[in-house]
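Visitor: Structure: model-v9.cif, mmCIF, C-alpha atoms.
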```
data_final
loop_
_atom_site.label_atom_id
_atom_site.label_comp_id
_atom_site.auth_asym_id
_atom_site.auth_seq_id
_atom_site.Cartn_x
_atom_site.Cartn_y
_atom_site.Cartn_z
CA MET A 1 2.44 -18.19 -2.98
CA LEU A 2 2.65 -18.57 -6.77
CA GLY A 3 -1.02 -19.57 -6.72
CA ILE A 4 -2.21 -16.06 -5.95
CA TYR A 5 -0.30 -14.66 -8.97
CA LYS A 6 -1.73 -17.34 -11.27
CA VAL A 7 -5.28 -16.73 -10.03
CA GLY A 8 -4.76 -12.97 -10.29
CA LEU A 9 -3.45 -13.27 -13.84
CA ILE A 10 -6.34 -15.49 -14.92
CA ILE A 11 -8.89 -13.07 -13.42
CA ALA A 12 -7.16 -10.04 -14.97
CA VAL A 13 -6.98 -11.61 -18.45
CA GLY A 14 -10.52 -12.94 -18.11
CA LEU A 15 -11.91 -9.53 -17.15
CA THR A 16 -10.05 -7.77 -19.98
CA LEU A 17 -11.33 -10.28 -22.55
CA LEU A 18 -14.85 -10.02 -21.14
CA TYR A 19 -14.87 -6.25 -21.65
CA ALA A 20 -13.02 -6.43 -24.99
CA PHE A 21 -15.71 -8.63 -26.58
CA GLN A 22 -18.64 -6.84 -25.00
CA GLY A 23 -20.17 -6.19 -28.43
CA PHE A 24 -21.46 -9.77 -28.39
CA TYR A 25 -23.32 -9.41 -25.08
CA PRO A 26 -24.14 -5.73 -24.42
CA ASP A 27 -26.94 -6.46 -21.93
CA PHE A 28 -24.77 -8.80 -19.89
CA ILE A 29 -21.83 -6.38 -19.77
CA TYR A 30 -24.15 -3.61 -18.52
CA VAL A 31 -25.24 -5.76 -15.57
CA PHE A 32 -21.75 -7.19 -15.00
CA SER A 33 -19.96 -3.83 -15.05
CA ASN A 34 -22.31 -2.55 -12.35
CA ALA A 35 -22.60 -5.70 -10.24
CA PHE A 36 -18.98 -6.91 -10.24
CA PRO A 37 -17.22 -3.86 -8.69
CA PRO A 38 -19.00 -4.20 -5.31
CA VAL A 39 -18.06 -7.91 -5.31
CA ILE A 40 -14.35 -7.38 -6.01
CA ALA A 41 -14.22 -4.30 -3.75
CA GLY A 42 -15.90 -6.36 -1.00
CA ALA A 43 -13.31 -9.11 -1.49
CA ALA A 44 -10.54 -6.49 -1.17
CA VAL A 45 -12.13 -5.18 2.06
CA VAL A 46 -12.26 -8.73 3.47
CA THR A 47 -8.59 -9.37 2.57
CA SER A 48 -7.54 -6.08 4.10
CA GLY A 49 -9.70 -6.82 7.16
CA LEU A 50 -8.01 -10.21 7.59
CA SER A 51 -4.60 -8.49 7.51
CA LEU A 52 -5.90 -6.02 10.09
CA GLU A 53 -7.10 -8.86 12.28
CA ARG A 54 -3.69 -10.56 11.99
CA TYR A 55 -1.73 -7.46 12.99
CA TRP A 56 -4.27 -6.43 15.64
CA ARG A 57 -4.47 -9.85 17.34
CA ARG A 58 -1.32 -9.56 19.45
CA ALA A 59 -1.20 -5.86 20.14
CA LYS A 60 -1.76 -2.50 18.56
CA GLY A 61 1.23 -1.31 16.59
CA PRO A 62 2.04 0.65 13.46
CA PHE A 63 0.90 -2.16 11.15
CA SER A 64 -2.48 -2.51 12.80
CA THR A 65 -2.90 1.28 12.47
CA VAL A 66 -1.91 1.13 8.78
CA TRP A 67 -4.30 -1.71 8.05
CA PHE A 68 -7.09 -0.07 9.98
CA TYR A 69 -6.85 2.93 7.63
CA PHE A 70 -6.46 0.76 4.49
CA THR A 71 -9.52 -1.28 5.47
CA LEU A 72 -11.54 1.84 6.26
CA GLY A 73 -10.59 3.44 2.93
CA LEU A 74 -11.44 0.31 0.96
CA PHE A 75 -14.69 -0.07 2.90
CA LEU A 76 -15.74 3.47 1.93
CA TRP A 77 -14.90 2.67 -1.72
CA PHE A 78 -16.93 -0.53 -1.41
CA ILE A 79 -19.93 1.49 -0.14
CA GLY A 80 -19.44 3.83 -3.12
CA GLU A 81 -19.48 0.86 -5.51
CA ALA A 82 -22.59 -0.61 -3.83
CA ILE A 83 -24.46 2.70 -4.07
CA TRP A 84 -23.51 3.06 -7.76
CA ALA A 85 -24.78 -0.50 -8.39
CA GLY A 86 -27.99 0.35 -6.53
CA TYR A 87 -28.54 3.45 -8.68
CA THR A 88 -27.91 1.69 -12.00
CA LEU A 89 -29.33 -1.79 -11.41
CA ILE A 90 -32.21 -1.08 -9.01
CA LEU A 91 -33.23 2.53 -9.65
CA GLY A 92 -32.36 2.44 -13.34
CA VAL A 93 -30.31 5.65 -13.32
CA GLU A 94 -28.21 5.61 -16.50
CA LEU A 95 -25.17 7.47 -15.20
CA PRO A 96 -25.27 8.34 -11.47
CA TYR A 97 -22.40 10.83 -11.65
CA PRO A 98 -22.02 12.79 -9.52
CA SER A 99 -24.05 11.14 -6.78
CA ILE A 100 -23.85 10.22 -3.10
CA ALA A 101 -21.53 7.38 -4.18
CA ASP A 102 -18.88 10.01 -4.96
CA ALA A 103 -19.02 11.25 -1.36
CA PHE A 104 -17.93 7.79 -0.21
CA TRP A 105 -15.31 7.38 -2.93
CA ILE A 106 -13.78 10.78 -2.23
CA SER A 107 -13.81 10.28 1.55
CA GLY A 108 -12.16 6.87 1.10
CA TYR A 109 -9.02 8.60 -0.14
CA ILE A 110 -8.41 10.22 3.26
CA PRO A 111 -7.93 7.04 5.34
CA PHE A 112 -6.12 5.38 2.46
CA PHE A 113 -3.66 8.26 2.23
CA ILE A 114 -3.16 8.23 6.03
CA GLY A 115 -2.45 4.47 5.92
CA LEU A 116 0.15 4.89 3.18
CA TYR A 117 1.68 7.92 4.91
CA VAL A 118 1.99 6.17 8.30
CA TYR A 119 3.62 3.14 6.66
CA VAL A 120 6.10 5.15 4.58
CA LYS A 121 6.87 7.53 7.45
CA LEU A 122 7.78 4.61 9.72
CA PHE A 123 10.63 3.74 7.33
CA GLY A 124 11.11 7.29 6.05
CA HIS A 125 14.72 7.53 7.28
CA ALA A 126 15.70 4.97 4.66
CA LEU A 127 14.81 7.45 1.92
CA THR A 128 17.34 9.89 0.59
CA LYS A 129 16.33 13.53 0.21
CA LYS A 130 17.04 13.18 -3.50
CA ALA A 131 14.57 10.27 -3.88
CA VAL A 132 11.85 12.22 -2.05
CA ALA A 133 12.52 15.36 -4.09
CA ILE A 134 12.45 13.49 -7.44
CA THR A 135 9.24 11.66 -6.51
CA MET A 136 7.55 14.89 -5.47
CA LEU A 137 8.70 16.65 -8.63
CA VAL A 138 7.39 13.83 -10.84
CA ALA A 139 4.09 13.83 -8.93
CA ALA A 140 3.76 17.61 -9.30
CA ALA A 141 4.59 17.42 -13.02
CA LEU A 142 2.03 14.62 -13.54
CA THR A 143 -0.63 16.59 -11.64
CA ILE A 144 -0.05 19.62 -13.85
CA LEU A 145 -0.01 17.46 -16.99
CA VAL A 146 -3.26 15.65 -16.11
CA SER A 147 -4.98 18.89 -15.07
CA VAL A 148 -3.98 20.59 -18.33
CA ALA A 149 -5.06 17.55 -20.38
CA LEU A 150 -8.48 17.52 -18.69
CA LEU A 151 -8.94 21.28 -18.69
CA THR A 152 -10.21 21.72 -22.25
CA PRO A 153 -12.61 18.75 -22.48
CA VAL A 154 -14.03 19.30 -18.98
CA LEU A 155 -14.46 23.06 -19.20
CA LYS A 156 -15.87 22.90 -22.74
CA THR A 157 -18.85 20.86 -21.52
CA GLU A 158 -21.79 22.41 -19.75
CA GLU A 159 -21.28 20.32 -16.63
CA ASP A 160 -22.21 21.75 -13.24
CA LEU A 161 -19.54 22.85 -10.77
CA THR A 162 -19.78 19.65 -8.67
CA THR A 163 -19.10 17.47 -11.73
CA ILE A 164 -16.17 19.66 -12.79
CA VAL A 165 -14.69 19.48 -9.28
CA MET A 166 -15.11 15.67 -9.26
CA ASP A 167 -13.53 15.37 -12.72
CA PHE A 168 -10.35 16.94 -11.38
CA ALA A 169 -10.49 15.64 -7.79
CA TYR A 170 -10.23 11.93 -8.54
CA PRO A 171 -7.11 12.02 -10.75
CA ILE A 172 -5.37 14.49 -8.42
CA LEU A 173 -6.16 12.39 -5.33
CA ASP A 174 -4.93 9.28 -7.17
CA LEU A 175 -1.65 11.01 -7.95
CA ALA A 176 -1.28 12.01 -4.29
CA LEU A 177 -1.67 8.34 -3.33
CA LEU A 178 0.68 7.26 -6.10
CA SER A 179 3.47 9.61 -5.04
CA THR A 180 3.36 8.20 -1.49
CA ALA A 181 3.16 4.62 -2.75
CA ILE A 182 6.21 5.15 -5.00
CA LEU A 183 8.21 6.17 -1.92
CA GLY A 184 7.16 2.89 -0.30
CA LEU A 185 8.29 0.99 -3.36
CA ILE A 186 11.69 2.72 -3.28
CA ILE A 187 12.15 1.80 0.41
CA PHE A 188 11.22 -1.87 0.03
CA TRP A 189 12.57 -2.45 -3.50
CA LYS A 190 15.36 -4.76 -2.33
CA GLY A 191 13.22 -6.69 0.14
CA LYS A 192 10.44 -9.25 -0.03
CA LEU A 193 7.86 -6.55 0.63
CA ARG A 194 8.64 -5.21 -2.88
CA LYS A 195 6.02 -7.56 -4.36
CA SER A 196 3.29 -6.17 -2.17
CA TRP A 197 4.34 -2.56 -2.84
CA LEU A 198 4.54 -3.22 -6.59
CA LEU A 199 0.93 -4.42 -6.47
CA ILE A 200 -0.15 -1.42 -4.37
CA ASN A 201 1.49 0.88 -6.93
CA ALA A 202 -0.11 -1.03 -9.82
CA ALA A 203 -3.53 -0.75 -8.15
CA ILE A 204 -3.22 3.00 -7.60
CA LEU A 205 -1.87 3.47 -11.14
CA MET A 206 -4.88 1.55 -12.52
CA ASN A 207 -7.19 3.76 -10.48
CA ALA A 208 -5.41 6.90 -11.70
CA CYS A 209 -5.67 5.84 -15.36
CA ALA A 210 -9.30 4.81 -14.88
CA ASP A 211 -10.23 8.10 -13.20
CA ILE A 212 -8.48 10.21 -15.83
CA LEU A 213 -10.23 8.29 -18.62
CA PHE A 214 -13.55 8.39 -16.76
CA SER A 215 -13.33 12.18 -16.37
CA TYR A 216 -12.40 12.51 -20.05
CA THR A 217 -15.08 10.15 -21.41
CA THR A 218 -17.88 11.57 -19.25
CA ALA A 219 -16.89 15.12 -20.27
CA LYS A 220 -16.94 14.05 -23.93
CA ASP A 221 -20.21 12.16 -23.40
CA LEU A 222 -18.53 8.93 -24.48
CA TYR A 223 -18.87 6.98 -21.23
CA TYR A 224 -21.46 4.25 -20.72
CA CYS A 225 -21.73 1.49 -18.09
CA GLY A 226 -19.53 -1.33 -19.36
CA HIS A 227 -17.02 0.97 -21.09
CA MET A 228 -13.47 -0.47 -21.29
CA VAL A 229 -12.50 2.07 -18.59
CA ASP A 230 -14.44 -0.02 -16.07
CA VAL A 231 -12.03 -2.92 -16.36
CA LEU A 232 -9.27 -0.68 -14.94
CA PHE A 233 -11.34 -0.02 -11.80
CA ASP A 234 -11.89 -3.78 -11.39
CA LEU A 235 -8.19 -4.49 -11.89
CA ALA A 236 -7.31 -1.88 -9.26
CA TYR A 237 -9.39 -3.72 -6.65
CA LEU A 238 -7.89 -7.03 -7.75
CA PHE A 239 -4.37 -5.67 -7.31
CA PHE A 240 -5.21 -4.23 -3.87
CA LEU A 241 -6.59 -7.61 -2.84
CA MET A 242 -3.44 -9.37 -4.06
CA ALA A 243 -1.15 -6.76 -2.46
CA PHE A 244 -2.68 -7.24 0.99
CA TYR A 245 -2.67 -11.01 0.68
CA VAL A 246 1.00 -11.04 -0.41
CA HIS A 247 1.94 -8.61 2.40
CA THR A 248 0.56 -10.87 5.11
CA LYS A 249 2.37 -13.83 3.55
CA GLU A 250 5.71 -11.99 3.42
CA PHE A 251 5.48 -10.22 6.77
CA MET B 1 37.02 -10.65 32.50
CA VAL B 2 36.67 -10.68 28.73
CA THR B 3 33.97 -13.35 28.91
CA GLN B 4 32.08 -11.32 31.51
CA ARG B 5 32.26 -8.23 29.30
CA THR B 6 31.07 -10.23 26.30
CA GLU B 7 28.14 -11.56 28.29
CA VAL B 8 27.14 -8.06 29.38
CA LEU B 9 27.32 -6.89 25.76
CA LYS B 10 25.32 -9.87 24.52
CA LYS B 11 22.64 -9.24 27.13
CA ALA B 12 22.49 -5.54 26.23
CA LEU B 13 22.31 -6.39 22.53
CA ALA B 14 19.57 -8.97 23.08
CA GLU B 15 17.51 -6.38 24.98
CA ALA B 16 18.25 -3.70 22.39
CA ILE B 17 17.09 -5.99 19.57
CA ASP B 18 13.97 -6.89 21.52
CA GLU B 19 13.11 -3.26 22.25
CA GLY B 20 14.22 -1.91 18.87
CA LEU B 21 11.99 -4.36 17.04
CA LEU B 22 9.05 -2.95 18.98
CA MET B 23 8.96 -0.13 16.42
CA LEU B 24 7.14 -2.75 14.31
CA GLY B 25 4.69 -3.43 17.13
CA GLU B 26 4.53 -6.64 19.15
CA SER B 27 3.06 -8.61 16.30
CA GLY B 28 5.76 -7.30 13.92
CA ARG B 29 8.49 -8.28 16.39
CA ASP B 30 7.03 -11.77 16.71
CA VAL B 31 7.00 -12.14 12.93
CA ILE B 32 10.73 -11.31 12.79
CA TYR B 33 11.56 -13.85 15.50
CA PHE B 34 9.38 -16.41 13.75
CA ARG B 35 11.20 -15.74 10.43
CA LEU B 36 14.60 -16.07 12.13
CA LYS B 37 13.57 -19.42 13.54
CA GLN B 38 11.90 -20.66 10.37
CA SER B 39 14.40 -19.51 7.74
CA TYR B 40 17.67 -19.40 9.70
CA ALA B 41 17.01 -21.89 12.52
CA LEU B 42 17.92 -19.10 14.93
CA LYS B 43 16.14 -19.03 18.28
CA ARG B 44 15.17 -15.76 19.96
CA GLU B 45 17.80 -16.18 22.70
CA ASP B 46 20.57 -16.77 20.12
CA VAL B 47 19.92 -13.66 18.00
CA SER B 48 22.41 -11.47 19.90
CA SER B 49 25.18 -14.02 19.18
CA ASN B 50 24.42 -13.89 15.45
CA PRO B 51 23.82 -10.24 14.56
CA GLU B 52 24.77 -10.81 10.88
CA ILE B 53 21.91 -13.28 10.47
CA PHE B 54 19.54 -10.88 12.19
CA VAL B 55 20.54 -8.07 9.81
CA ASN B 56 20.29 -10.36 6.76
CA CYS B 57 16.78 -11.36 7.80
CA LEU B 58 15.72 -7.72 8.19
CA ARG B 59 17.21 -6.76 4.79
CA GLU B 60 15.60 -9.74 3.12
CA ILE B 61 12.16 -8.56 4.25
CA PHE B 62 12.43 -4.77 4.32
CA GLY B 63 15.19 -3.94 1.82
CA SER B 64 16.48 -0.42 2.53
CA GLY B 65 13.78 -0.10 5.16
CA ALA B 66 15.87 -2.41 7.36
CA GLU B 67 18.24 0.52 7.99
CA VAL B 68 15.54 2.18 10.08
CA ILE B 69 15.11 -0.88 12.31
CA GLU B 70 18.89 -1.30 12.60
CA ARG B 71 19.13 2.33 13.68
CA ALA B 72 16.42 1.82 16.32
CA VAL B 73 18.30 -1.19 17.72
CA ILE B 74 21.62 0.69 17.74
CA LYS B 75 19.99 3.60 19.58
CA LYS B 76 18.66 1.21 22.24
CA LEU B 77 22.07 -0.46 22.52
CA TYR B 78 23.81 2.88 23.04
CA ASP B 79 21.26 3.75 25.74
CA LYS B 80 21.88 0.49 27.53
CA LEU B 81 25.66 0.91 27.41
CA GLY B 82 25.40 4.50 28.59
CA ILE B 83 26.97 5.87 25.40
CA GLU B 84 25.73 9.08 23.85
CA PHE B 85 24.04 8.35 20.52
CA LYS B 86 25.08 10.66 17.68
CA GLU B 87 23.09 10.60 14.44
CA LYS B 88 25.24 9.56 11.50
CA LYS B 89 24.14 9.43 7.90
CA ARG B 90 24.96 5.79 7.22
CA LEU B 91 24.87 4.07 10.57
CA ARG B 92 24.72 0.30 10.03
CA PHE B 93 24.17 -2.38 12.60
CA HIS B 94 26.84 -4.71 11.27
CA GLY B 95 29.68 -2.24 11.83
CA ILE B 96 28.51 -1.33 15.31
CA SER B 97 28.09 -4.92 16.49
CA LYS B 98 31.57 -5.80 15.16
CA ARG B 99 33.10 -2.88 17.04
CA SER B 100 31.24 -3.89 20.21
#
```
Kindly transcribe the structure held in the file into structure tokens.
Guide:
Amino acid sequence: MLGIYKVGLIIAVGLTLLYAFQGFYPDFIYVFSNAFPPVIAGAAVVTSGLSLERYWRRAKGPFSTVWFYFTLGLFLWFIGEAIWAGYTLILGVELPYPSIADAFWISGYIPFFIGLYVYVKLFGHALTKKAVAITMLVAAALTILVSVALLTPVLKTEEDLTTIVMDFAYPILDLALLSTAILGLIIFWKGKLRKSWLLINAAILMNACADILFSYTTAKDLYYCGHMVDVLFDLAYLFFLMAFYVHTKEF
Amino acid sequence: MVTQRTEVLKKALAEAIDEGLLMLGESGRDVIYFRLKQSYALKREDVSSNPEIFVNCLREIFGSGAEVIERAVIKKLYDKLGIEFKEKKRLRFHGISKRS
């Protein structure tokens, strides 16, 4: 079991260093930052699919339903990553945002949210009303904070309405996922499933930070393929992959 | 007489555990039985005689989430014994099984 954490740590540190020293190999980082996300997202889909297969094998139950939605959500994100890579590496589009890839990324949030919701709801009675209320308040406060922080840079640019909507949609959807995932973490904190839920929370947090920074840097015209922000997206997939692997090992 | 009553209770508890665990699905239930055997050397048919171990196993995996499974088992047990189940805020399996 420790092996997965060691491998995960090595990959995470390796990726961060690779992006940190990108000044020495700008051409490589351009290709890598576009080609690697579909690979790691694909690996996350496969891991999630293997969990689905494990829970589905005997009979349908709540866990097979949860993993069906997780796998579907990750698969839609994988398609989004593949389309982005196709735009940048094959068609030579500098920044395909917004594009058809966003339709897949945005739609991926729906099954992912359903999966999290079904899982948390199954054990919902273990939550106190106070815990739910505090989590919801924190989520609402963060949503307001992020929206206010993005308001000026996004509205100051001459971006079209679709781009503006996307700039706000991703961080808000991430926070919706995060608030549900935090409830899961509270429920399983004292159990072995804590490790898996910590990784799920870390993955969603990475995605939230990445999406906020992506919206900010694209609005400020600072984003380019290979920007440090991209490492956060890669780490999010890595953490999802690890979370699903650890979950099947623990339960 | 006492032994007969104990046997009836054990049988009802074994069935309640079996059915209550179904909230995790069949595969989830099998995982719990597998864990009980692997980590506590407790066979499926012996679980009702060792409810503390069963509860410990659930808490070890699910943390506070174990309460929900315990509640499902208690509900099934009440049904089987023909007792009306009343929702209580902190209904724990350990207390119930001791009382039984």
Visitor: Determine, counting all atoms listed in the file, which protein, DNA and RNA residues have an atom within 10 Å of an atom of Asp18 (chain B); residues of the same chain fewer than 4 positions away are not included. Present the result as a count of residues only.
Guide: 14
Visitor: If we count all atoms listed in the file, which residues of chain B reach to within 7 Å of chain A? Please list them as a PyMOL selection string.
Guide: chain B and resi 24-27+31+59-65+67-68
Visitor: Determine, counting only C-alpha atoms, which protein, DNA and RNA residues have an atom within 7 Å of an atom of region 28-41 of chain A; residues of the same chain fewer than 2 positions away are not included. Present the result as a ChimeraX atom specification.
Guide: /A:22,25-26,43-45,78,81-82,85,225-226,230,234,237-238
Visitor: Got time to write the residues from that selection, C-alpha atoms, as a short mmCIF file (atom, residue, chain, number, x, y, z; two decimals), in the frame of the given file?
Guide:
```
data_model
loop_
_atom_site.label_atom_id
_atom_site.label_comp_id
_atom_site.auth_asym_id
_atom_site.auth_seq_id
_atom_site.Cartn_x
_atom_site.Cartn_y
_atom_site.Cartn_z
CA GLN A 22 -18.64 -6.84 -25.00
CA TYR A 25 -23.32 -9.41 -25.08
CA PRO A 26 -24.14 -5.73 -24.42
CA ALA A 43 -13.31 -9.11 -1.49
CA ALA A 44 -10.54 -6.49 -1.17
CA VAL A 45 -12.13 -5.18 2.06
CA PHE A 78 -16.93 -0.53 -1.41
CA GLU A 81 -19.48 0.86 -5.51
CA ALA A 82 -22.59 -0.61 -3.83
CA ALA A 85 -24.78 -0.50 -8.39
CA CYS A 225 -21.73 1.49 -18.09
CA GLY A 226 -19.53 -1.33 -19.36
CA ASP A 230 -14.44 -0.02 -16.07
CA ASP A 234 -11.89 -3.78 -11.39
CA TYR A 237 -9.39 -3.72 -6.65
CA LEU A 238 -7.89 -7.03 -7.75
#
```
Visitor: Could you tell me which of B:Asn50, B:Glu45, B:Glu87, B:Ile74 comes closest to Ala16 (chain B) if we count all atoms listed in the file?
Guide: B:Ile74
Visitor: Counting all atoms listed in the file, which residues come within 10 Å of (-2.6, 8.3, 5.4), with the point read in the file's coordinates, and could you list them as a PDB file with C-alpha atoms, in the coordinates of the input?
Guide:
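Written output follows (point_7.pdb):
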```pdb
ATOM      1  CA  THR A  65      -2.900   1.280  12.470  1.00  0.00           C
ATOM      2  CA  VAL A  66      -1.910   1.130   8.780  1.00  0.00           C
ATOM      3  CA  TYR A  69      -6.850   2.930   7.630  1.00  0.00           C
ATOM      4  CA  PHE A  70      -6.460   0.760   4.490  1.00  0.00           C
ATOM      5  CA  GLY A  73     -10.590   3.440   2.930  1.00  0.00           C
ATOM      6  CA  TYR A 109      -9.020   8.600  -0.140  1.00  0.00           C
ATOM      7  CA  ILE A 110      -8.410  10.220   3.260  1.00  0.00           C
ATOM      8  CA  PRO A 111      -7.930   7.040   5.340  1.00  0.00           C
ATOM      9  CA  PHE A 112      -6.120   5.380   2.460  1.00  0.00           C
ATOM     10  CA  PHE A 113      -3.660   8.260   2.230  1.00  0.00           C
ATOM     11  CA  ILE A 114      -3.160   8.230   6.030  1.00  0.00           C
ATOM     12  CA  GLY A 115      -2.450   4.470   5.920  1.00  0.00           C
ATOM     13  CA  LEU A 116       0.150   4.890   3.180  1.00  0.00           C
ATOM     14  CA  TYR A 117       1.680   7.920   4.910  1.00  0.00           C
ATOM     15  CA  VAL A 118       1.990   6.170   8.300  1.00  0.00           C
ATOM     16  CA  TYR A 119       3.620   3.140   6.660  1.00  0.00           C
ATOM     17  CA  VAL A 120       6.100   5.150   4.580  1.00  0.00           C
ATOM     18  CA  LYS A 121       6.870   7.530   7.450  1.00  0.00           C
ATOM     19  CA  LEU A 177      -1.670   8.340  -3.330  1.00  0.00           C
ATOM     20  CA  THR A 180       3.360   8.200  -1.490  1.00  0.00           C
TER      21      THR A 180
END
```
Visitor: Run the PyMOL selection byres ((chain A and resi 161-176) around 9) mentally over the shown coordinates, then write out the matched residues as a PyMOL selection string, using the chain letters and numbers from the document.
Guide: chain A and resi 97-98+102+105-106+109+113+139-140+142-143+146-147+150-151+154-155+159-160+177-181+204-205+207-212+214-216+218-219
Visitor: Between CA of Tyr19 (chain A) and CA of Met228 (chain A), measure the distance and give it in Å to one decimal.
Guide: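 We find that CA of Tyr19 (chain A) and CA of Met228 (chain A) lie 6.0 Å from each other.
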Visitor: Could you list the residues chosen by the PyMOL selection byres ((chain A and resi 241) around 12) in this structure as a compact mmCIF listing (two decimals) with C-alpha atoms, keeping the file's coordinate frame?
Guide:
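The resulting file, part.txt, is shown below:
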```
# COMPACT_ATOMS: atom_id res chain seq x y z
CA ILE A 4 -2.21 -16.06 -5.95
CA TYR A 5 -0.30 -14.66 -8.97
CA VAL A 7 -5.28 -16.73 -10.03
CA GLY A 8 -4.76 -12.97 -10.29
CA VAL A 39 -18.06 -7.91 -5.31
CA ILE A 40 -14.35 -7.38 -6.01
CA ALA A 41 -14.22 -4.30 -3.75
CA GLY A 42 -15.90 -6.36 -1.00
CA ALA A 43 -13.31 -9.11 -1.49
CA ALA A 44 -10.54 -6.49 -1.17
CA VAL A 45 -12.13 -5.18 2.06
CA VAL A 46 -12.26 -8.73 3.47
CA THR A 47 -8.59 -9.37 2.57
CA SER A 48 -7.54 -6.08 4.10
CA GLY A 49 -9.70 -6.82 7.16
CA LEU A 50 -8.01 -10.21 7.59
CA SER A 51 -4.60 -8.49 7.51
CA PHE A 70 -6.46 0.76 4.49
CA THR A 71 -9.52 -1.28 5.47
CA LEU A 74 -11.44 0.31 0.96
CA SER A 196 3.29 -6.17 -2.17
CA LEU A 199 0.93 -4.42 -6.47
CA ILE A 200 -0.15 -1.42 -4.37
CA ALA A 202 -0.11 -1.03 -9.82
CA ALA A 203 -3.53 -0.75 -8.15
CA ASP A 234 -11.89 -3.78 -11.39
CA LEU A 235 -8.19 -4.49 -11.89
CA ALA A 236 -7.31 -1.88 -9.26
CA TYR A 237 -9.39 -3.72 -6.65
CA LEU A 238 -7.89 -7.03 -7.75
CA PHE A 239 -4.37 -5.67 -7.31
CA PHE A 240 -5.21 -4.23 -3.87
CA MET A 242 -3.44 -9.37 -4.06
CA ALA A 243 -1.15 -6.76 -2.46
CA PHE A 244 -2.68 -7.24 0.99
CA TYR A 245 -2.67 -11.01 0.68
CA VAL A 246 1.00 -11.04 -0.41
CA HIS A 247 1.94 -8.61 2.40
CA THR A 248 0.56 -10.87 5.11
```
Visitor: Would you mind reading off the distance between CA of Ala41 (chain B) and CA of Phe54 (chain B), one decimal, in Å?
Guide: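 Value for the CA of Ala41 (chain B)-CA of Phe54 (chain B) distance: 11.3 Å.
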Visitor: Quote the spacing between CA of Phe85 (chain B) and CA of Val132 (chain A) in Å to one decimal place.
Guide: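 For CA of Phe85 (chain B) relative to CA of Val132 (chain A), the distance reads 25.9 Å.
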Visitor: Determine the nearest neighbour of Pro96 (chain A) from the options A:Phe233, A:Tyr224, A:Phe24, A:Phe75, counting all atoms listed in the file.
Guide: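 Closest candidate: A:Tyr224.
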Visitor: Put a box with edges along x, y and z around all the listed atoms of region 49-65 of chain B, pad it by 5 Å on each side, then give me its centre and sizes in Å, one decimal, as AutoDock Vina command-line options.
Guide:
```
--center_x 18.7 --center_y -7.1 --center_z 10.5 --size_x 23.0 --size_y 23.9 --size_z 27.4
```
Visitor: Would you mind completing region 53-64 of chain B to N, CA and C atoms and writing the output as an mmCIF file, in the frame of the given file?
Guide:
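Wrote it out as part-v8.cif, contents follow:
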```
data_model
loop_
_atom_site.group_PDB
_atom_site.id
_atom_site.type_symbol
_atom_site.label_atom_id
_atom_site.label_comp_id
_atom_site.auth_asym_id
_atom_site.auth_seq_id
_atom_site.Cartn_x
_atom_site.Cartn_y
_atom_site.Cartn_z
ATOM 1 N N ILE B 53 23.116 -12.572 10.941
ATOM 2 C CA ILE B 53 21.910 -13.280 10.470
ATOM 3 C C ILE B 53 20.684 -12.412 10.704
ATOM 4 N N PHE B 54 20.664 -11.771 11.864
ATOM 5 C CA PHE B 54 19.540 -10.880 12.190
ATOM 6 C C PHE B 54 19.407 -9.774 11.137
ATOM 7 N N VAL B 55 20.547 -9.159 10.800
ATOM 8 C CA VAL B 55 20.540 -8.070 9.810
ATOM 9 C C VAL B 55 20.125 -8.595 8.428
ATOM 10 N N ASN B 56 20.659 -9.771 8.060
ATOM 11 C CA ASN B 56 20.290 -10.360 6.760
ATOM 12 C C ASN B 56 18.786 -10.591 6.669
ATOM 13 N N CYS B 57 18.217 -11.086 7.769
ATOM 14 C CA CYS B 57 16.780 -11.360 7.800
ATOM 15 C C CYS B 57 15.980 -10.072 7.599
ATOM 16 N N LEU B 58 16.421 -9.016 8.309
ATOM 17 C CA LEU B 58 15.720 -7.720 8.190
ATOM 18 C C LEU B 58 15.794 -7.208 6.752
ATOM 19 N N ARG B 59 17.015 -7.282 6.152
ATOM 20 C CA ARG B 59 17.210 -6.760 4.790
ATOM 21 C C ARG B 59 16.434 -7.572 3.767
ATOM 22 N N GLU B 60 16.336 -8.871 4.041
ATOM 23 C CA GLU B 60 15.600 -9.740 3.120
ATOM 24 C C GLU B 60 14.118 -9.342 3.065
ATOM 25 N N ILE B 61 13.586 -8.936 4.200
ATOM 26 C CA ILE B 61 12.160 -8.560 4.250
ATOM 27 C C ILE B 61 11.963 -7.105 3.835
ATOM 28 N N PHE B 62 12.730 -6.198 4.452
ATOM 29 C CA PHE B 62 12.430 -4.770 4.320
ATOM 30 C C PHE B 62 13.295 -4.022 3.304
ATOM 31 N N GLY B 63 14.313 -4.651 2.746
ATOM 32 C CA GLY B 63 15.190 -3.940 1.820
ATOM 33 C C GLY B 63 15.866 -2.776 2.524
ATOM 34 N N SER B 64 15.854 -1.598 1.903
ATOM 35 C CA SER B 64 16.480 -0.420 2.530
ATOM 36 C C SER B 64 15.786 -0.027 3.822
#
```
